[in-house]
Amino acid sequence: MHPYDYADATFAAYEPGDARPPRRNRRPVVIALGALLALVLVPVAGDRFAAARVESRTAKAFQEGMHTPSAPEVHVRGFPVLTQLAAGTLRDVDITAHDIPASGTTGPLPVSELSLRLQELKRSDDDTEALARSAEATALLSYADVSDALGLEISRGARPDQVRASVLLPTGDDITVATTVSVLSGNRISFKDFQVTGGLLPEVGRVALSRVFERPIQLRNIPQGLHLRSVTATESGLTARLSGKSVTFRSDDGSRGDAVEGDSSYGNA
């Protein structure tokens, strides 16, 4: 054999391809990853289902209790929700409701929008109401509704604590007055210190306006336990901020224990 032929045969016997490690079976790894993924996704999906169920029940109960034309938006915050349900207390709940009608016959004023942030919401021992340990709320009162309540055309004033009123006199003349809005006890909004900013107001008209503005508007259609803290004139209307402890929510029929969950199995959502 020629020397070069021997060398070729020798190198051929040790080609790198022959030294490759044996192929490993990757199926156990795939199975393990799939099992791990299932362990993560199944509890999350179950928790999301429970959250959606309690949000739907809470929205229905709030709509029935507050007589809103549509169900409010409800969001239960925090994970996991299932452990909160098992404990009987939802840590944080956000509710946004629209077009809450006025109640009562003295100074009725609808609420265009009510945004609530509730802490530690749970049902009462007798299942007739829902209780929040504390709550903060923002209520929007449209100028159209405020105008209807006062009998005057109300709009935004020059300052955040001021509204403007347009008055048509029996003589056909228009005048404009500005008045300060503030908070009174008992969840009432007052209108004080009005001043004429346009036109001439006779004394009889001044007396009549004084009587209109001396009657505060009371908010009657808000959950029990919320207290009015401030009121501000904005572009859309009067924005009222409220807060309170031990805020109570009730449905029309106190025997229905659905203010939070909708049935007696609150912890079994």
# chains A, B, ... in the order shown; residues from 1 in each chain; ligands from 1

call {"tool": "closest_atom_pairs", "arguments": {"of": "region 169-222 of chain A", "to": "region 227-238 of chain A", "cutoff": "9 Å", "atoms": "only C-alpha atoms", "output": "tab-separated table"}}
result
residue	atom	partner	partner_atom	distance
A:Val181	CA	A:Val231	CA	7.1
A:Ser182	CA	A:Val231	CA	6.3
A:Val183	CA	A:Ser230	CA	6.1
A:Leu184	CA	A:Leu228	CA	8.2
A:Ser185	CA	A:Leu228	CA	7.9
A:Gly186	CA	A:His227	CA	7.6
A:Asn187	CA	A:Leu228	CA	5.0
A:Arg188	CA	A:Leu228	CA	7.5
A:Ile189	CA	A:Val231	CA	7.6
A:Leu219	CA	A:Leu228	CA	8.7

call {"tool": "write_last_selection", "arguments": {"atoms": "N, CA and C atoms", "output": "PDB file, in the first residue's frame"}}
result
ATOM      1  N   VAL A 181     -69.550  77.929  45.791  1.00  0.00           N
ATOM      2  CA  VAL A 181     -70.062  76.616  46.217  1.00  0.00           C
ATOM      3  C   VAL A 181     -69.158  76.096  47.336  1.00  0.00           C
ATOM      4  N   SER A 182     -69.775  75.505  48.341  1.00  0.00           N
ATOM      5  CA  SER A 182     -69.017  74.957  49.465  1.00  0.00           C
ATOM      6  C   SER A 182     -69.791  73.799  50.076  1.00  0.00           C
ATOM      7  N   VAL A 183     -69.179  73.152  51.060  1.00  0.00           N
ATOM      8  CA  VAL A 183     -69.737  71.960  51.683  1.00  0.00           C
ATOM      9  C   VAL A 183     -70.339  72.312  53.033  1.00  0.00           C
ATOM     10  N   LEU A 184     -71.539  71.789  53.276  1.00  0.00           N
ATOM     11  CA  LEU A 184     -72.168  71.874  54.582  1.00  0.00           C
ATOM     12  C   LEU A 184     -72.294  70.466  55.164  1.00  0.00           C
ATOM     13  N   SER A 185     -72.487  70.396  56.465  1.00  0.00           N
ATOM     14  CA  SER A 185     -72.694  69.095  57.095  1.00  0.00           C
ATOM     15  C   SER A 185     -73.950  68.435  56.554  1.00  0.00           C
ATOM     16  N   GLY A 186     -74.012  67.113  56.671  1.00  0.00           N
ATOM     17  CA  GLY A 186     -75.174  66.398  56.170  1.00  0.00           C
ATOM     18  C   GLY A 186     -75.147  66.187  54.666  1.00  0.00           C
ATOM     19  N   ASN A 187     -73.945  66.172  54.076  1.00  0.00           N
ATOM     20  CA  ASN A 187     -73.793  65.949  52.629  1.00  0.00           C
ATOM     21  C   ASN A 187     -74.585  66.961  51.808  1.00  0.00           C
ATOM     22  N   ARG A 188     -74.427  68.246  52.182  1.00  0.00           N
ATOM     23  CA  ARG A 188     -75.132  69.307  51.485  1.00  0.00           C
ATOM     24  C   ARG A 188     -74.144  70.235  50.791  1.00  0.00           C
ATOM     25  N   ILE A 189     -74.587  70.755  49.647  1.00  0.00           N
ATOM     26  CA  ILE A 189     -73.815  71.732  48.875  1.00  0.00           C
ATOM     27  C   ILE A 189     -74.505  73.081  49.001  1.00  0.00           C
ATOM     28  N   LEU A 219     -77.247  65.716  48.930  1.00  0.00           N
ATOM     29  CA  LEU A 219     -77.035  64.475  48.192  1.00  0.00           C
ATOM     30  C   LEU A 219     -77.678  63.336  48.980  1.00  0.00           C
TER      31      LEU A 219
END

call {"tool": "residues_around", "arguments": {"residues": "Ala139 (chain A)", "least_positions_apart": "4", "cutoff": "9 Å", "atoms": "only C-alpha atoms", "output": "list of chain:residue names"}}
result
A:Val111, A:Ser112, A:Glu113, A:Leu114, A:Ser115, A:Leu116, A:Leu238, A:Thr239, A:Ala240, A:Arg241, A:Leu242

call {"tool": "atom_distance", "arguments": {"atom1": "CA of Asp174 (chain A)", "atom2": "CA of Ile154 (chain A)"}}
result
13.6 Å

call {"tool": "closest_residue", "arguments": {"among": "A:Leu200, A:Leu118, A:Ala50, A:Gly172", "to": "Leu131 (chain A)", "atoms": "only C-alpha atoms"}}
result
A:Leu118

call {"tool": "closest_residue", "arguments": {"among": "A:Val204, A:Leu168, A:Ala45, A:Met66", "to": "Phe79 (chain A)", "atoms": "only C-alpha atoms"}}
result
A:Ala45

call {"tool": "closest_residue", "arguments": {"among": "A:Ala149, A:Ala137, A:Ala61, A:Val44", "to": "Leu82 (chain A)", "atoms": "only C-alpha atoms"}}
result
A:Val44

call {"tool": "select_by_dssp", "arguments": {"residues": "region 23-234 of chain A", "states": "strand (DSSP E)", "output": "PyMOL selection string"}}
result
chain A and resi 73-77+90-100+111-123+129-142+153-156+162-168+174-184+188-198+217-218+227-233

call {"tool": "residues_around", "arguments": {"residues": "Thr180 (chain A)", "least_positions_apart": "5", "cutoff": "10 Å", "atoms": "only C-alpha atoms", "output": "PyMOL selection string"}}
result
chain A and resi 157+159-164+190-195+213+232-233

call {"tool": "write_last_selection", "arguments": {"atoms": "N, CA, C and O atoms", "output": "PDB file, in the first residue's frame"}}
result
ATOM      1  N   GLY A 157     -68.006  78.786  36.894  1.00  0.00           N
ATOM      2  CA  GLY A 157     -67.612  80.155  37.206  1.00  0.00           C
ATOM      3  C   GLY A 157     -66.157  80.429  36.882  1.00  0.00           C
ATOM      4  O   GLY A 157     -65.476  79.625  36.238  1.00  0.00           O
ATOM      5  N   ARG A 159     -63.741  80.706  39.071  1.00  0.00           N
ATOM      6  CA  ARG A 159     -62.840  80.032  40.015  1.00  0.00           C
ATOM      7  C   ARG A 159     -63.330  78.607  40.255  1.00  0.00           C
ATOM      8  O   ARG A 159     -64.500  78.294  40.014  1.00  0.00           O
ATOM      9  N   PRO A 160     -62.443  77.736  40.751  1.00  0.00           N
ATOM     10  CA  PRO A 160     -62.863  76.350  41.027  1.00  0.00           C
ATOM     11  C   PRO A 160     -63.967  76.237  42.067  1.00  0.00           C
ATOM     12  O   PRO A 160     -64.667  75.226  42.107  1.00  0.00           O
ATOM     13  N   ASP A 161     -64.134  77.264  42.920  1.00  0.00           N
ATOM     14  CA  ASP A 161     -65.171  77.218  43.953  1.00  0.00           C
ATOM     15  C   ASP A 161     -66.362  78.103  43.595  1.00  0.00           C
ATOM     16  O   ASP A 161     -67.126  78.509  44.474  1.00  0.00           O
ATOM     17  N   GLN A 162     -66.557  78.358  42.304  1.00  0.00           N
ATOM     18  CA  GLN A 162     -67.579  79.313  41.909  1.00  0.00           C
ATOM     19  C   GLN A 162     -68.360  78.805  40.698  1.00  0.00           C
ATOM     20  O   GLN A 162     -67.804  78.184  39.792  1.00  0.00           O
ATOM     21  N   VAL A 163     -69.673  79.080  40.692  1.00  0.00           N
ATOM     22  CA  VAL A 163     -70.504  78.800  39.522  1.00  0.00           C
ATOM     23  C   VAL A 163     -71.188  80.094  39.104  1.00  0.00           C
ATOM     24  O   VAL A 163     -71.324  81.044  39.886  1.00  0.00           O
ATOM     25  N   ARG A 164     -71.625  80.082  37.857  1.00  0.00           N
ATOM     26  CA  ARG A 164     -72.301  81.250  37.292  1.00  0.00           C
ATOM     27  C   ARG A 164     -73.756  80.888  37.040  1.00  0.00           C
ATOM     28  O   ARG A 164     -74.066  79.789  36.586  1.00  0.00           O
ATOM     29  N   SER A 190     -73.749  74.073  49.436  1.00  0.00           N
ATOM     30  CA  SER A 190     -74.328  75.407  49.638  1.00  0.00           C
ATOM     31  C   SER A 190     -73.859  76.366  48.547  1.00  0.00           C
ATOM     32  O   SER A 190     -72.823  76.163  47.902  1.00  0.00           O
ATOM     33  N   PHE A 191     -74.653  77.418  48.349  1.00  0.00           N
ATOM     34  CA  PHE A 191     -74.354  78.478  47.389  1.00  0.00           C
ATOM     35  C   PHE A 191     -74.438  79.805  48.146  1.00  0.00           C
ATOM     36  O   PHE A 191     -75.511  80.214  48.588  1.00  0.00           O
ATOM     37  N   LYS A 192     -73.297  80.453  48.279  1.00  0.00           N
ATOM     38  CA  LYS A 192     -73.236  81.639  49.133  1.00  0.00           C
ATOM     39  C   LYS A 192     -72.613  82.821  48.399  1.00  0.00           C
ATOM     40  O   LYS A 192     -71.896  82.665  47.414  1.00  0.00           O
ATOM     41  N   ASP A 193     -72.892  84.011  48.967  1.00  0.00           N
ATOM     42  CA  ASP A 193     -72.222  85.248  48.560  1.00  0.00           C
ATOM     43  C   ASP A 193     -72.336  85.495  47.060  1.00  0.00           C
ATOM     44  O   ASP A 193     -71.331  85.713  46.365  1.00  0.00           O
ATOM     45  N   PHE A 194     -73.566  85.459  46.538  1.00  0.00           N
ATOM     46  CA  PHE A 194     -73.682  85.701  45.094  1.00  0.00           C
ATOM     47  C   PHE A 194     -73.474  87.183  44.797  1.00  0.00           C
ATOM     48  O   PHE A 194     -73.838  88.061  45.574  1.00  0.00           O
ATOM     49  N   GLN A 195     -72.875  87.421  43.647  1.00  0.00           N
ATOM     50  CA  GLN A 195     -72.589  88.782  43.198  1.00  0.00           C
ATOM     51  C   GLN A 195     -73.030  88.936  41.753  1.00  0.00           C
ATOM     52  O   GLN A 195     -72.866  88.017  40.946  1.00  0.00           O
ATOM     53  N   PHE A 213     -80.694  80.748  46.599  1.00  0.00           N
ATOM     54  CA  PHE A 213     -79.355  80.290  46.963  1.00  0.00           C
ATOM     55  C   PHE A 213     -79.207  79.927  48.441  1.00  0.00           C
ATOM     56  O   PHE A 213     -78.243  79.270  48.815  1.00  0.00           O
ATOM     57  N   THR A 232     -66.032  70.969  43.729  1.00  0.00           N
ATOM     58  CA  THR A 232     -65.272  71.813  42.817  1.00  0.00           C
ATOM     59  C   THR A 232     -66.047  71.985  41.521  1.00  0.00           C
ATOM     60  O   THR A 232     -66.624  71.024  40.999  1.00  0.00           O
ATOM     61  N   ALA A 233     -66.047  73.207  40.990  1.00  0.00           N
ATOM     62  CA  ALA A 233     -66.680  73.479  39.704  1.00  0.00           C
ATOM     63  C   ALA A 233     -65.695  73.137  38.591  1.00  0.00           C
ATOM     64  O   ALA A 233     -64.607  73.705  38.508  1.00  0.00           O
TER      65      ALA A 233
END

call {"tool": "residues_around", "arguments": {"residues": "Ser166 (chain A)", "least_positions_apart": "5", "cutoff": "9 Å", "atoms": "only C-alpha atoms", "output": "PyMOL selection string"}}
result
chain A and resi 152-155+174-178

call {"tool": "write_last_selection", "arguments": {"atoms": "N, CA, C and O atoms", "output": "PDB file, in the first residue's frame"}}
result
ATOM      1  N   LEU A 152     -82.401  77.616  37.962  1.00  0.00           N
ATOM      2  CA  LEU A 152     -81.602  78.634  37.285  1.00  0.00           C
ATOM      3  C   LEU A 152     -80.634  77.944  36.329  1.00  0.00           C
ATOM      4  O   LEU A 152     -80.273  76.771  36.525  1.00  0.00           O
ATOM      5  N   GLU A 153     -80.213  78.662  35.312  1.00  0.00           N
ATOM      6  CA  GLU A 153     -79.232  78.115  34.381  1.00  0.00           C
ATOM      7  C   GLU A 153     -77.832  78.273  34.989  1.00  0.00           C
ATOM      8  O   GLU A 153     -77.306  79.377  35.093  1.00  0.00           O
ATOM      9  N   ILE A 154     -77.231  77.139  35.374  1.00  0.00           N
ATOM     10  CA  ILE A 154     -75.950  77.143  36.072  1.00  0.00           C
ATOM     11  C   ILE A 154     -74.831  76.696  35.122  1.00  0.00           C
ATOM     12  O   ILE A 154     -75.006  75.767  34.323  1.00  0.00           O
ATOM     13  N   SER A 155     -73.697  77.356  35.227  1.00  0.00           N
ATOM     14  CA  SER A 155     -72.516  76.985  34.447  1.00  0.00           C
ATOM     15  C   SER A 155     -71.272  77.226  35.292  1.00  0.00           C
ATOM     16  O   SER A 155     -71.348  77.732  36.421  1.00  0.00           O
ATOM     17  N   ASP A 174     -81.556  90.070  30.790  1.00  0.00           N
ATOM     18  CA  ASP A 174     -80.742  88.986  31.331  1.00  0.00           C
ATOM     19  C   ASP A 174     -79.694  89.560  32.274  1.00  0.00           C
ATOM     20  O   ASP A 174     -79.071  90.591  31.983  1.00  0.00           O
ATOM     21  N   ILE A 175     -79.511  88.868  33.385  1.00  0.00           N
ATOM     22  CA  ILE A 175     -78.426  89.235  34.280  1.00  0.00           C
ATOM     23  C   ILE A 175     -77.617  87.974  34.584  1.00  0.00           C
ATOM     24  O   ILE A 175     -78.097  86.845  34.432  1.00  0.00           O
ATOM     25  N   THR A 176     -76.393  88.174  35.001  1.00  0.00           N
ATOM     26  CA  THR A 176     -75.513  87.062  35.353  1.00  0.00           C
ATOM     27  C   THR A 176     -74.986  87.288  36.756  1.00  0.00           C
ATOM     28  O   THR A 176     -74.537  88.397  37.091  1.00  0.00           O
ATOM     29  N   VAL A 177     -75.047  86.235  37.567  1.00  0.00           N
ATOM     30  CA  VAL A 177     -74.517  86.321  38.919  1.00  0.00           C
ATOM     31  C   VAL A 177     -73.536  85.177  39.139  1.00  0.00           C
ATOM     32  O   VAL A 177     -73.601  84.136  38.478  1.00  0.00           O
ATOM     33  N   ALA A 178     -72.605  85.368  40.053  1.00  0.00           N
ATOM     34  CA  ALA A 178     -71.644  84.338  40.435  1.00  0.00           C
ATOM     35  C   ALA A 178     -71.818  84.044  41.918  1.00  0.00           C
ATOM     36  O   ALA A 178     -72.026  84.958  42.724  1.00  0.00           O
TER      37      ALA A 178
END

call {"tool": "atom_distance", "arguments": {"atom1": "CA of Asp99 (chain A)", "atom2": "CA of Val212 (chain A)"}}
result
25.3 Å

call {"tool": "atom_distance", "arguments": {"atom1": "CA of Thr248 (chain A)", "atom2": "CA of Glu129 (chain A)"}}
result
6.9 Å
